[in-house]
Amino acid sequence: MIPVLPYKINRIAHIGIAVKSLDESLRLYQEGLGLSLHGRETVESDQVSVAFLPVGDTGVELLEPTGPESPIARFIEKRGEGIHHVAFEVDDIVEALSVLRDQGFRLIDEEPRIGAGGIRVAFLHPRSTHGVLIELCEK
Ligand code: ZN
């Protein structure tokens with residue numbers, strides 16, 4: 001039986017893609033694929049520059065490292081450019097983290113923090129999510 005959870009996933013908010021250069025990758029996403037750039041911002045705490053391109057109800061989030069200690073820099077060094085994470089939009093991130101913690105899933109963020117766009121986000125550890133870095137974000 002599937003349990004009734006105290007929170008709900010609304011949609012896939014975005015797919016995060018690690019790139020060496022936003023400018024270079026935007027050539028593909030804007031000129032090649034015809035997506036429009038919704039905005040760019042730098043998240044200092046994560047040492048990352050972000051570009052967001054909506055696609056229907058979801059979007060692509062391009063992530064360029066701004067320093068060698070950036071998690072994105074380490075990701076690219078180890079695995080090359082590519083899909084970095086999948087973000088699910090939840091209606092209640094605190095409830096979601098509490099349920100997942102109780103079920104024994106490993107959390108990278110025990111508490112939500114402020115991510116790109118000023119919204120509350122938290123990441124689950126890929127070791128307990130079958131290799132996928134999952135971001136939860138609250139609308
Ligand atoms: Zn993200």
# chains A, B, ... in the order shown; residues from 1 in each chain; ligands from 1

call {"tool": "residues_near_ligand", "arguments": {"ligand": "ligand 1", "cutoff": "9 Å", "atoms": "only C-alpha atoms and all ligand atoms", "output": "PyMOL selection string"}}
result
chain A and resi 13-17+50+60-63+84-88+115-116+121+134-137

call {"tool": "write_last_selection", "arguments": {"atoms": "N, CA and C atoms", "output": "compact mmCIF listing (two decimals), in the first residue's frame"}}
result
# COMPACT_ATOMS: atom_id res chain seq x y z
N ALA A 13 10.80 20.44 -11.23
CA ALA A 13 11.03 21.88 -11.35
C ALA A 13 12.08 22.17 -12.41
N HIS A 14 13.15 21.40 -12.40
CA HIS A 14 14.18 21.56 -13.42
C HIS A 14 15.13 20.38 -13.41
N ILE A 15 15.93 20.32 -14.45
CA ILE A 15 17.04 19.37 -14.50
C ILE A 15 18.31 20.22 -14.47
N GLY A 16 19.17 19.92 -13.52
CA GLY A 16 20.42 20.67 -13.37
C GLY A 16 21.53 20.04 -14.20
N ILE A 17 22.20 20.85 -14.98
CA ILE A 17 23.26 20.36 -15.87
C ILE A 17 24.55 21.11 -15.59
N VAL A 50 24.40 30.35 -12.35
CA VAL A 50 23.25 29.58 -12.79
C VAL A 50 22.53 30.31 -13.91
N VAL A 60 15.49 23.88 -17.66
CA VAL A 60 16.88 23.44 -17.59
C VAL A 60 17.64 24.48 -16.77
N GLU A 61 18.41 23.99 -15.81
CA GLU A 61 19.23 24.86 -14.98
C GLU A 61 20.69 24.54 -15.30
N LEU A 62 21.37 25.49 -15.94
CA LEU A 62 22.79 25.27 -16.26
C LEU A 62 23.63 25.80 -15.12
N LEU A 63 24.64 25.03 -14.74
CA LEU A 63 25.46 25.36 -13.58
C LEU A 63 26.93 25.44 -13.97
N HIS A 84 23.50 16.81 -13.61
CA HIS A 84 24.00 16.89 -12.24
C HIS A 84 22.92 16.54 -11.22
N HIS A 85 21.72 17.05 -11.40
CA HIS A 85 20.65 16.73 -10.45
C HIS A 85 19.28 16.90 -11.08
N VAL A 86 18.29 16.30 -10.41
CA VAL A 86 16.90 16.47 -10.81
C VAL A 86 16.20 17.15 -9.63
N ALA A 87 15.47 18.22 -9.92
CA ALA A 87 14.79 18.97 -8.86
C ALA A 87 13.29 18.73 -8.91
N PHE A 88 12.76 18.28 -7.78
CA PHE A 88 11.32 18.09 -7.63
C PHE A 88 10.76 19.24 -6.81
N GLY A 115 18.31 28.65 -2.09
CA GLY A 115 19.03 28.37 -3.34
C GLY A 115 18.76 29.44 -4.37
N ALA A 116 19.09 29.12 -5.63
CA ALA A 116 18.88 30.05 -6.74
C ALA A 116 17.42 30.48 -6.78
N VAL A 121 15.52 25.14 -0.71
CA VAL A 121 15.93 23.90 -1.36
C VAL A 121 16.63 22.99 -0.36
N ILE A 134 19.16 14.29 -5.89
CA ILE A 134 17.79 14.83 -5.94
C ILE A 134 17.72 16.11 -5.13
N GLU A 135 17.20 17.14 -5.78
CA GLU A 135 16.95 18.41 -5.10
C GLU A 135 15.46 18.52 -4.85
N LEU A 136 15.11 18.92 -3.65
CA LEU A 136 13.73 19.28 -3.38
C LEU A 136 13.68 20.80 -3.33
N CYS A 137 12.68 21.38 -3.94
CA CYS A 137 12.53 22.83 -3.81
C CYS A 137 11.08 23.15 -3.56

call {"tool": "select_by_dssp", "arguments": {"residues": "region 7-121 of chain A", "states": "helix (DSSP H, G or I)", "output": "ChimeraX atom specification"}}
result
/A:22-32,44-46,71-79,93-102,116-118

call {"tool": "closest_residue", "arguments": {"among": "A:Asp46, A:Asp109, A:Glu81, A:Asp23", "to": "Val94 (chain A)", "atoms": "only C-alpha atoms"}}
result
A:Asp109

call {"tool": "select_by_dssp", "arguments": {"residues": "chain A", "states": "strand (DSSP E or B)", "output": "ChimeraX atom specification"}}
result
/A:9-18,39-43,48-55,58-65,82-90,107,113-114,120-124,134-138

call {"tool": "closest_residue", "arguments": {"among": "A:Glu95, A:Glu64, A:Glu31, A:Glu41", "to": "Glu110 (chain A)", "atoms": "only C-alpha atoms"}}
result
A:Glu95

call {"tool": "atom_distance", "arguments": {"atom1": "CA of Leu107 (chain A)", "atom2": "CA of Pro126 (chain A)"}}
result
9.0 Å
